[in-house]
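Peer 1: First, the structure itself, so that you have it in front of you.
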Amino acid sequence: MRARDLLHTRPEGLYCPPGDFFIDPVRPVERALVTHGHADHARPGNGKVLATRETLDIMGIRYGEGFAGSAQVVRLGEAMEIGGARVTFHPAGHVLGSAQIAVEMDGMRIVASGDYKRRADPTCAAFEPIACDVFITEATFGLPVFRHPESAGETARLLESVRQFPERAHLVGAYALGKAQRVIRLLRDAGYGETIYIHGALARLCDYYVSQGIDLGPLAPATIESGTKDQFAGAIVVGTPSAFADRWARRFPDPVACFASGWMRIRQRAKQRGVELPLILSDHSDWDELTATITETGASEVWVTHGREEALVRWCALAGIAAQPLHLIGYEDEGD
Ligand SMILES: [Zn+2]
Ligand SMILES: [Zn+2]
């Protein structure tokens with residue numbers, strides 16, 4: 001069987017003809033298999049959705065219970081037949097519930113990894129390399145300049161700044177799903193026990209993480225009643241990046257603007273966004289992790305979905321691995 005007979009691109013997304021399903025479709029389809037809850041991968045309006053329980057719960061939180069005609073839970077590692085294709089989900093290490101999807105038929109195995117990272121994340125299961133013929137990878141940070149520092153070091157820089165400026169509030173911009181909870185958990189792992197204040201847009205997802213056994217420590221809403229601005233002196237406030245762009249942020253005492261993102265590796269981006277304390281924390285693989293993962297899967301062919309495709313495709317060619325960009329549109333970097 002040829003790989004493209006098992007999985008190929010259509011305008012709606014990656015399509016499997018034998019199973020008649022799409023993986024992470026960007027337009028509504030009859031049957032969708034979803035890797036994780038980020039908005040560019042998990043969209044409402046599909047007929048049937050198959051995903052991990054956590055991903056389905058997250059879709060329910062974000063879109064309401066009617067996000068699909070019907071939803072079916074798949075457990076990691078549990079094999080199922082769809083049409084003639086055998087499908088299994090495996091942890092991707094990206095956000096809570098994130099999974100790679102392996103599709104197999106007639107001895108051909110293709111793994112669609114969704115978004116993934118390799119470093120330890122206390123808020124989700126670690127990525128597992130799956131042996132395959134074709135590995136479908138993202139390339140969000142697919143350039144050799146992208147090498148992410150250790151997460152603990154970035155957390156330490158934040159805590160050092162909090163110690164240094166006890167009269168200022170530290171506002172940490174972090175994407176609502178995954179990054180925000182990871183930042184909070186990393187602060188706890190670094191020994192920070194104070195109440196962390198969160199923007200309202202994070203409340204339900206933080207509650208959900210806690211309900212799934214991820215201890216985020218004391219949290220409180222970052223709401224200001226008149227005249228209590230001082231209560232945030234020396235505090236850490238976590239919110240979505242967009243929250244910090246609007247007036248809401250100006251209510252805090254002399255705020256230190258922090259942003260937790262892999263893009264903070266680029267100083268110019270930090271400057272453009274007015275970020276005083278950039279925290280390089282990525283939920284995507286850096287260059288070394290992308291290339292190491294490709295090697296580990298043993299794939300003889302690599303397809304690159306989105307991101308900086310060219311450099312990764314060239315790296316594969318030099319390593320003797322057939323590679324091509326899929327040029328899938330509709331995937332952004334919500335959880336970078
Ligand atoms: Zn993602
Ligand atoms: Zn993505």
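By convention here, the chains of the structure tokens are called A, B, ... in the order presented, each chain's residues are numbered starting at 1, and ligands are numbered starting at 1 in the order presented.
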Quick one: contact table of chain A to ligand 2, 6 Å max, nearest atom pair and distance in Å to one decimal per residue, counting only C-alpha atoms and all ligand atoms, chain and number order, as CSV?

Peer 2:
residue,atom,partner,partner_atom_place_in_ligand_line,distance
A:Asp40,CA,ligand 2,1 (Zn),5.9
A:Asp115,CA,ligand 2,1 (Zn),5.4
A:Tyr331,CA,ligand 2,1 (Zn),5.4
A:Glu332,CA,ligand 2,1 (Zn),5.5
A:Asp333,CA,ligand 2,1 (Zn),5.2

Peer 1: If the limit is 8 Å from any atom of ligand 1, counting only C-alpha atoms and all ligand atoms, which residues qualify? Return them as an mmCIF file with N, CA and C atoms, in the first residue's frame.

Peer 2:
data_model
loop_
_atom_site.group_PDB
_atom_site.id
_atom_site.type_symbol
_atom_site.label_atom_id
_atom_site.label_comp_id
_atom_site.auth_asym_id
_atom_site.auth_seq_id
_atom_site.Cartn_x
_atom_site.Cartn_y
_atom_site.Cartn_z
ATOM 1 N N HIS A 36 -5.663 17.289 19.815
ATOM 2 C CA HIS A 36 -5.670 18.031 21.097
ATOM 3 C C HIS A 36 -6.575 19.243 21.020
ATOM 4 N N GLY A 37 -6.788 19.869 22.158
ATOM 5 C CA GLY A 37 -7.842 20.875 22.291
ATOM 6 C C GLY A 37 -7.539 22.277 21.814
ATOM 7 N N HIS A 38 -6.352 22.567 21.284
ATOM 8 C CA HIS A 38 -6.092 23.912 20.772
ATOM 9 C C HIS A 38 -7.039 24.226 19.612
ATOM 10 N N ALA A 39 -7.440 25.500 19.548
ATOM 11 C CA ALA A 39 -8.513 25.900 18.633
ATOM 12 C C ALA A 39 -8.205 25.632 17.162
ATOM 13 N N ASP A 40 -6.923 25.622 16.794
ATOM 14 C CA ASP A 40 -6.615 25.388 15.377
ATOM 15 C C ASP A 40 -6.676 23.909 15.016
ATOM 16 N N HIS A 41 -6.714 23.029 16.002
ATOM 17 C CA HIS A 41 -6.796 21.583 15.751
ATOM 18 C C HIS A 41 -8.187 21.025 16.076
ATOM 19 N N HIS A 94 2.188 17.630 24.661
ATOM 20 C CA HIS A 94 1.975 19.026 24.246
ATOM 21 C C HIS A 94 1.111 19.777 25.264
ATOM 22 N N VAL A 95 -0.119 19.322 25.484
ATOM 23 C CA VAL A 95 -1.000 19.851 26.534
ATOM 24 C C VAL A 95 -1.794 18.673 27.099
ATOM 25 N N GLY A 114 0.368 15.651 15.477
ATOM 26 C CA GLY A 114 -0.270 16.868 16.008
ATOM 27 C C GLY A 114 0.834 17.825 16.410
ATOM 28 N N ASP A 115 0.667 18.561 17.487
ATOM 29 C CA ASP A 115 1.755 19.363 18.050
ATOM 30 C C ASP A 115 2.392 18.529 19.155
ATOM 31 N N TYR A 116 3.693 18.655 19.335
ATOM 32 C CA TYR A 116 4.338 17.848 20.375
ATOM 33 C C TYR A 116 5.586 18.518 20.914
ATOM 34 N N ASP A 283 5.620 25.009 24.141
ATOM 35 C CA ASP A 283 4.937 23.722 24.162
ATOM 36 C C ASP A 283 5.139 22.967 22.849
ATOM 37 N N HIS A 284 6.099 23.448 22.067
ATOM 38 C CA HIS A 284 6.461 22.760 20.824
ATOM 39 C C HIS A 284 7.922 22.327 20.925
ATOM 40 N N ASP A 333 -0.327 29.036 15.856
ATOM 41 C CA ASP A 333 0.515 28.651 16.984
ATOM 42 C C ASP A 333 -0.139 29.030 18.301
ATOM 43 N N GLU A 334 -1.394 28.656 18.450
ATOM 44 C CA GLU A 334 -2.100 29.093 19.645
ATOM 45 C C GLU A 334 -1.333 28.772 20.913
ATOM 46 N N GLY A 335 -0.758 27.593 20.948
ATOM 47 C CA GLY A 335 -0.130 27.177 22.197
ATOM 48 C C GLY A 335 1.373 27.233 22.167
ATOM 49 N N ASP A 336 1.934 28.186 21.467
ATOM 50 C CA ASP A 336 3.383 28.188 21.308
ATOM 51 C C ASP A 336 4.111 28.417 22.616
#

Peer 1: Which residues of range 160-245 of chain A sit at most 12 Å from range 135-153 of chain A, using only C-alpha atoms? Give each one's shortest atom pair and distance in Å (one decimal place), in chain and ascending residue order, as JSON lines.

Peer 2:
{"residue": "A:Glu160", "atom": "CA", "partner": "A:Gly153", "partner_atom": "CA", "distance": 10.4}
{"residue": "A:Lys179", "atom": "CA", "partner": "A:Ser151", "partner_atom": "CA", "distance": 11.8}
{"residue": "A:Arg182", "atom": "CA", "partner": "A:Ser151", "partner_atom": "CA", "distance": 9.9}
{"residue": "A:Val183", "atom": "CA", "partner": "A:Ser151", "partner_atom": "CA", "distance": 9.2}
{"residue": "A:Arg185", "atom": "CA", "partner": "A:Ala152", "partner_atom": "CA", "distance": 11.0}
{"residue": "A:Leu186", "atom": "CA", "partner": "A:Ala152", "partner_atom": "CA", "distance": 7.2}
{"residue": "A:Leu187", "atom": "CA", "partner": "A:Ala152", "partner_atom": "CA", "distance": 8.7}
{"residue": "A:Arg188", "atom": "CA", "partner": "A:Ala152", "partner_atom": "CA", "distance": 10.9}
{"residue": "A:Asp189", "atom": "CA", "partner": "A:Ala152", "partner_atom": "CA", "distance": 8.7}
{"residue": "A:Ala190", "atom": "CA", "partner": "A:Ala152", "partner_atom": "CA", "distance": 7.4}
{"residue": "A:Gly191", "atom": "CA", "partner": "A:Ala152", "partner_atom": "CA", "distance": 11.2}

Peer 1: Can you write just those residues out, N, CA and C atoms, as a compact mmCIF listing (two decimals), in the first residue's frame?

Peer 2:
# COMPACT_ATOMS: atom_id res chain seq x y z
N GLU A 160 13.07 35.50 40.51
CA GLU A 160 14.11 36.46 40.88
C GLU A 160 13.61 37.89 40.70
N LYS A 179 -0.31 26.34 28.34
CA LYS A 179 0.81 27.18 28.78
C LYS A 179 0.54 27.79 30.16
N ARG A 182 0.84 25.25 32.84
CA ARG A 182 2.23 24.79 32.96
C ARG A 182 3.07 25.83 33.71
N VAL A 183 2.87 27.11 33.38
CA VAL A 183 3.60 28.17 34.08
C VAL A 183 3.30 28.11 35.59
N ARG A 185 2.18 25.56 37.37
CA ARG A 185 2.74 24.33 37.97
C ARG A 185 4.26 24.42 38.11
N LEU A 186 4.93 25.02 37.12
CA LEU A 186 6.39 25.18 37.20
C LEU A 186 6.76 26.09 38.37
N LEU A 187 5.94 27.13 38.61
CA LEU A 187 6.20 28.02 39.75
C LEU A 187 6.05 27.24 41.06
N ARG A 188 5.05 26.37 41.14
CA ARG A 188 4.87 25.54 42.35
C ARG A 188 6.07 24.61 42.52
N ASP A 189 6.52 24.01 41.43
CA ASP A 189 7.67 23.10 41.51
C ASP A 189 8.92 23.83 41.95
N ALA A 190 8.97 25.15 41.68
CA ALA A 190 10.12 25.95 42.11
C ALA A 190 9.96 26.43 43.55
N GLY A 191 8.88 26.00 44.21
CA GLY A 191 8.69 26.33 45.62
C GLY A 191 7.85 27.57 45.89

Peer 1: Measuring between only C-alpha atoms, which one of A:Ala235, A:Ala99, A:Cys124, A:Leu326 shows the shortest distance to Pro255 in chain A?

Peer 2: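 Of A:Ala235, A:Ala99, A:Cys124, A:Leu326, the one nearest Pro255 in chain A is A:Ala235, counting only C-alpha atoms.
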
Peer 1: Check the smallest atom-to-atom distance from each of A:Gln100, A:Val238, A:Thr55, A:Gly107 to Phe127 in chain A using only C-alpha atoms, then report the winner.

Peer 2: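 Ranking A:Gln100, A:Val238, A:Thr55, A:Gly107 by distance to Phe127 in chain A, first place goes to A:Gln100.
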
Peer 1: Taking into account only C-alpha atoms, which residue in the set A:Glu194, A:Glu301, A:Asp121, A:Glu65 is nearest to Val162 in chain A?

Peer 2: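 Between A:Glu194, A:Glu301, A:Asp121, A:Glu65, the residue approaching Val162 in chain A most closely is A:Glu194.
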
Peer 1: Among range 115-300 of chain A, which residues does DSSP mark as alpha helix (DSSP H) when it is run on the backbone? Keep the chain and numbering as in the structure and answer as a ChimeraX atom specification.

Peer 2: /A:151-164,179-189,203-211,267-272,287-297

Peer 1: Store the residues picked out above, limited to C-alpha atoms, as a PDB file, in the first residue's frame.

Peer 2:
ATOM      1  CA  SER A 151      12.066  25.512  31.833  1.00  0.00           C
ATOM      2  CA  ALA A 152      13.310  25.650  35.431  1.00  0.00           C
ATOM      3  CA  GLY A 153      15.775  28.395  34.512  1.00  0.00           C
ATOM      4  CA  GLU A 154      13.026  30.528  32.981  1.00  0.00           C
ATOM      5  CA  THR A 155      10.850  30.079  36.074  1.00  0.00           C
ATOM      6  CA  ALA A 156      13.805  31.045  38.269  1.00  0.00           C
ATOM      7  CA  ARG A 157      14.259  34.291  36.320  1.00  0.00           C
ATOM      8  CA  LEU A 158      10.617  35.177  36.940  1.00  0.00           C
ATOM      9  CA  LEU A 159      10.884  34.464  40.671  1.00  0.00           C
ATOM     10  CA  GLU A 160      14.114  36.456  40.884  1.00  0.00           C
ATOM     11  CA  SER A 161      12.362  39.454  39.342  1.00  0.00           C
ATOM     12  CA  VAL A 162       9.475  39.094  41.809  1.00  0.00           C
ATOM     13  CA  ARG A 163      11.991  39.187  44.675  1.00  0.00           C
ATOM     14  CA  GLN A 164      13.766  42.177  43.172  1.00  0.00           C
ATOM     15  CA  LYS A 179       0.806  27.177  28.783  1.00  0.00           C
ATOM     16  CA  ALA A 180      -0.970  28.990  31.624  1.00  0.00           C
ATOM     17  CA  GLN A 181      -1.337  25.823  33.713  1.00  0.00           C
ATOM     18  CA  ARG A 182       2.230  24.789  32.959  1.00  0.00           C
ATOM     19  CA  VAL A 183       3.600  28.165  34.084  1.00  0.00           C
ATOM     20  CA  ILE A 184       1.630  27.924  37.324  1.00  0.00           C
ATOM     21  CA  ARG A 185       2.735  24.325  37.965  1.00  0.00           C
ATOM     22  CA  LEU A 186       6.389  25.180  37.204  1.00  0.00           C
ATOM     23  CA  LEU A 187       6.198  28.021  39.752  1.00  0.00           C
ATOM     24  CA  ARG A 188       4.872  25.541  42.353  1.00  0.00           C
ATOM     25  CA  ASP A 189       7.665  23.095  41.511  1.00  0.00           C
ATOM     26  CA  ALA A 203     -10.619  29.986  35.267  1.00  0.00           C
ATOM     27  CA  ARG A 204     -12.506  27.074  33.700  1.00  0.00           C
ATOM     28  CA  LEU A 205      -9.444  25.473  32.130  1.00  0.00           C
ATOM     29  CA  CYS A 206      -7.456  25.832  35.368  1.00  0.00           C
ATOM     30  CA  ASP A 207     -10.375  24.267  37.282  1.00  0.00           C
ATOM     31  CA  TYR A 208     -10.405  21.437  34.754  1.00  0.00           C
ATOM     32  CA  TYR A 209      -6.672  20.755  35.134  1.00  0.00           C
ATOM     33  CA  VAL A 210      -7.120  20.680  38.924  1.00  0.00           C
ATOM     34  CA  SER A 211     -10.052  18.248  38.538  1.00  0.00           C
ATOM     35  CA  ARG A 267      14.359  39.381  21.207  1.00  0.00           C
ATOM     36  CA  GLN A 268      12.756  41.569  18.571  1.00  0.00           C
ATOM     37  CA  ARG A 269       9.389  39.906  19.074  1.00  0.00           C
ATOM     38  CA  ALA A 270       9.576  40.540  22.791  1.00  0.00           C
ATOM     39  CA  LYS A 271      10.413  44.184  22.143  1.00  0.00           C
ATOM     40  CA  GLN A 272       7.587  44.608  19.641  1.00  0.00           C
ATOM     41  CA  TRP A 287      15.109  22.106  16.520  1.00  0.00           C
ATOM     42  CA  ASP A 288      17.075  19.426  18.359  1.00  0.00           C
ATOM     43  CA  GLU A 289      13.902  17.742  19.570  1.00  0.00           C
ATOM     44  CA  LEU A 290      12.296  17.753  16.123  1.00  0.00           C
ATOM     45  CA  THR A 291      15.307  16.150  14.467  1.00  0.00           C
ATOM     46  CA  ALA A 292      15.920  13.671  17.314  1.00  0.00           C
ATOM     47  CA  THR A 293      12.280  12.609  17.225  1.00  0.00           C
ATOM     48  CA  ILE A 294      12.321  12.009  13.479  1.00  0.00           C
ATOM     49  CA  THR A 295      15.385   9.795  13.946  1.00  0.00           C
ATOM     50  CA  GLU A 296      13.788   7.906  16.847  1.00  0.00           C
ATOM     51  CA  THR A 297      10.632   7.018  14.911  1.00  0.00           C
TER      52      THR A 297
END

Peer 1: Pick the closest to Leu328 in chain A from A:Ser300, A:Thr195, A:Thr9, A:Thr223: which is it, counting only C-alpha atoms?

Peer 2: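 The closest residue to Leu328 in chain A is A:Thr9.
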
Peer 1: Write out as JSON, numbers by chain all residues of range 141-287 of chain A that backbone DSSP assigns to strand (DSSP E).

Peer 2: {"A": [170, 171, 172, 173, 196, 197, 198, 219, 220, 221, 236, 237, 238, 239, 256, 257, 258, 259, 260, 277, 278, 279]}

Peer 1: May I have the residues within 7 Å of Leu279 in chain A as an NGL selection string, using only C-alpha atoms and disregarding those fewer than 6 positions away in the same chain?

Peer 2: :A and (154 or 258-261 or 264)

Peer 1: Could you write those residues out with all heavy atoms, as a CSV table (one decimal), in the first residue's frame?

Peer 2:
chain,number,residue,atom,x,y,z
A,154,GLU,N,13.9,29.4,33.3
A,154,GLU,CA,13.0,30.5,33.0
A,154,GLU,C,12.1,30.9,34.2
A,154,GLU,O,11.9,32.1,34.5
A,154,GLU,CB,12.2,30.1,31.8
A,154,GLU,CG,13.0,29.9,30.5
A,154,GLU,CD,13.8,31.1,30.1
A,154,GLU,OE1,13.3,32.0,29.6
A,154,GLU,OE2,15.1,31.0,30.3
A,258,CYS,N,5.5,40.2,31.4
A,258,CYS,CA,6.2,39.0,31.1
A,258,CYS,C,5.4,38.2,30.0
A,258,CYS,O,4.1,38.3,30.0
A,258,CYS,CB,6.3,38.1,32.3
A,258,CYS,SG,6.8,39.0,33.8
A,259,PHE,N,6.0,37.5,29.2
A,259,PHE,CA,5.2,36.6,28.2
A,259,PHE,C,6.0,35.3,28.1
A,259,PHE,O,7.2,35.2,27.9
A,259,PHE,CB,5.2,37.4,26.9
A,259,PHE,CG,4.3,36.7,25.8
A,259,PHE,CD1,3.2,35.9,26.2
A,259,PHE,CD2,4.6,36.8,24.5
A,259,PHE,CE1,2.4,35.3,25.2
A,259,PHE,CE2,3.8,36.2,23.5
A,259,PHE,CZ,2.7,35.4,23.9
A,260,ALA,N,5.2,34.2,28.3
A,260,ALA,CA,5.7,32.9,28.3
A,260,ALA,C,5.5,32.2,26.9
A,260,ALA,O,4.3,31.9,26.7
A,260,ALA,CB,5.1,32.0,29.4
A,261,SER,N,6.5,32.2,26.1
A,261,SER,CA,6.3,31.6,24.8
A,261,SER,C,7.6,31.2,24.1
A,261,SER,O,8.7,31.9,24.4
A,261,SER,CB,5.6,32.7,23.9
A,261,SER,OG,5.8,32.4,22.5
A,264,MET,N,9.6,34.0,22.5
A,264,MET,CA,10.4,34.9,23.2
A,264,MET,C,11.9,34.7,23.0
A,264,MET,O,12.7,35.4,23.5
A,264,MET,CB,10.0,34.8,24.7
A,264,MET,CG,8.6,35.4,25.0
A,264,MET,SD,8.4,37.2,24.6
A,264,MET,CE,7.6,37.1,23.0

Peer 1: In terms of the shortest atom-to-atom distance over only C-alpha atoms, which of A:Leu50, A:Ala257, A:Leu171, A:Met108 is closest to Val237 in chain A?

Peer 2: A:Leu171

Peer 1: For Val302 in chain A, find every residue with an atom within 10 Å (counting only C-alpha atoms), except residues of its own chain fewer than 3 positions away, and show them as JSON, numbers by chain.

Peer 2: {"A": [110, 111, 133, 134, 135, 136, 137, 294, 299, 305, 312, 313, 316, 317, 321, 322, 323, 324, 325, 326]}

Peer 1: Between A:Asn46, A:Leu6, A:Val103, A:Gln231, which is the closest to Ile130 in chain A once you count only C-alpha atoms?

Peer 2: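 Ranked by minimum distance to Ile130 in chain A, first place goes to A:Val103.
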
Peer 1: How many Å separate CA of Glu12 in chain A from CA of Pro25 in chain A?

Peer 2: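 CA of Pro25 in chain A lies at a distance of 5.2 Å from CA of Glu12 in chain A.
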
Peer 1: Considering only C-alpha atoms, return as a short mmCIF file (atom, residue, chain, number, x, y, z; two decimals) with N, CA, C and O atoms, in the first residue's frame whatever protein or nucleic-acid residues lie within 9 Å of Asp5 in chain A, sequence-local ones (same chain, fewer than 6 positions apart) excluded.

Peer 2:
data_model
loop_
_atom_site.label_atom_id
_atom_site.label_comp_id
_atom_site.auth_asym_id
_atom_site.auth_seq_id
_atom_site.Cartn_x
_atom_site.Cartn_y
_atom_site.Cartn_z
N CYS A 16 -8.14 10.10 5.59
CA CYS A 16 -7.86 8.67 5.47
C CYS A 16 -9.00 8.02 4.68
O CYS A 16 -10.09 7.82 5.22
N PRO A 17 -8.78 7.70 3.38
CA PRO A 17 -9.86 7.10 2.58
C PRO A 17 -10.39 5.78 3.13
O PRO A 17 -11.62 5.62 3.22
N PRO A 18 -9.53 4.81 3.52
CA PRO A 18 -10.12 3.54 3.99
C PRO A 18 -11.01 3.72 5.22
O PRO A 18 -12.01 3.02 5.39
#

Peer 1: Skipping near chain neighbours, those fewer than 3 positions away, what residues fall within 10 Å of Gly239 in chain A using only C-alpha atoms, listed as a list in words?

Peer 2: Leu171, Val172, Gly173, Ala174, Tyr175, Ala176, Ala180, Tyr197, Ile198, His199, Gly200, Ala201, Leu202, Ala203, Ala222, Ser242, Ala243, Phe244, Ala249 and Phe259 of chain A

Peer 1: Would you save the residues of that selection, restricted to N, CA and C atoms, as a JSON list (two decimals), in the first residue's frame?

Peer 2:
[["chain", "number", "residue", "atom", "x", "y", "z"],
["A", 171, "LEU", "N", 2.91, 40.51, 35.47],
["A", 171, "LEU", "CA", 1.82, 40.03, 34.63],
["A", 171, "LEU", "C", 2.39, 39.06, 33.61],
["A", 172, "VAL", "N", 1.99, 37.79, 33.73],
["A", 172, "VAL", "CA", 2.52, 36.77, 32.82],
["A", 172, "VAL", "C", 1.48, 36.43, 31.75],
["A", 173, "GLY", "N", 1.78, 36.77, 30.51],
["A", 173, "GLY", "CA", 0.90, 36.39, 29.40],
["A", 173, "GLY", "C", 1.19, 34.94, 29.02],
["A", 174, "ALA", "N", 0.14, 34.13, 28.98],
["A", 174, "ALA", "CA", 0.33, 32.71, 28.66],
["A", 174, "ALA", "C", -0.96, 32.20, 28.02],
["A", 175, "TYR", "N", -0.87, 31.40, 26.98],
["A", 175, "TYR", "CA", -2.07, 30.89, 26.32],
["A", 175, "TYR", "C", -2.92, 30.09, 27.30],
["A", 176, "ALA", "N", -4.24, 30.21, 27.07],
["A", 176, "ALA", "CA", -5.21, 29.73, 28.07],
["A", 176, "ALA", "C", -5.15, 28.22, 28.28],
["A", 180, "ALA", "N", -0.66, 28.33, 30.35],
["A", 180, "ALA", "CA", -0.97, 28.99, 31.62],
["A", 180, "ALA", "C", -0.83, 28.01, 32.79],
["A", 197, "TYR", "N", -2.72, 34.94, 40.90],
["A", 197, "TYR", "CA", -3.97, 35.53, 40.43],
["A", 197, "TYR", "C", -4.15, 35.23, 38.95],
["A", 198, "ILE", "N", -5.37, 34.82, 38.59],
["A", 198, "ILE", "CA", -5.61, 34.47, 37.18],
["A", 198, "ILE", "C", -6.74, 35.30, 36.58],
["A", 199, "HIS", "N", -6.58, 35.62, 35.31],
["A", 199, "HIS", "CA", -7.61, 36.32, 34.53],
["A", 199, "HIS", "C", -8.81, 35.38, 34.36],
["A", 200, "GLY", "N", -10.00, 35.95, 34.30],
["A", 200, "GLY", "CA", -11.23, 35.16, 34.20],
["A", 200, "GLY", "C", -11.23, 34.16, 33.04],
["A", 201, "ALA", "N", -10.55, 34.50, 31.94],
["A", 201, "ALA", "CA", -10.54, 33.63, 30.76],
["A", 201, "ALA", "C", -9.84, 32.30, 31.01],
["A", 202, "LEU", "N", -9.08, 32.22, 32.12],
["A", 202, "LEU", "CA", -8.34, 30.98, 32.41],
["A", 202, "LEU", "C", -9.05, 30.09, 33.43],
["A", 203, "ALA", "N", -10.06, 30.65, 34.08],
["A", 203, "ALA", "CA", -10.62, 29.99, 35.27],
["A", 203, "ALA", "C", -11.10, 28.56, 34.98],
["A", 222, "ALA", "N", -8.12, 37.53, 39.38],
["A", 222, "ALA", "CA", -7.39, 38.80, 39.36],
["A", 222, "ALA", "C", -8.36, 39.94, 39.10],
["A", 242, "SER", "N", -3.83, 38.32, 25.11],
["A", 242, "SER", "CA", -4.70, 39.42, 24.68],
["A", 242, "SER", "C", -5.18, 40.25, 25.86],
["A", 243, "ALA", "N", -5.34, 39.61, 27.01],
["A", 243, "ALA", "CA", -5.80, 40.34, 28.20],
["A", 243, "ALA", "C", -4.82, 41.45, 28.57],
["A", 244, "PHE", "N", -3.54, 41.17, 28.35],
["A", 244, "PHE", "CA", -2.53, 42.14, 28.76],
["A", 244, "PHE", "C", -2.36, 43.27, 27.76],
["A", 249, "ALA", "N", -4.94, 45.39, 32.04],
["A", 249, "ALA", "CA", -3.59, 45.28, 32.59],
["A", 249, "ALA", "C", -3.13, 46.54, 33.30],
["A", 259, "PHE", "N", 5.99, 37.45, 29.19],
["A", 259, "PHE", "CA", 5.24, 36.65, 28.23],
["A", 259, "PHE", "C", 5.95, 35.30, 28.13]]
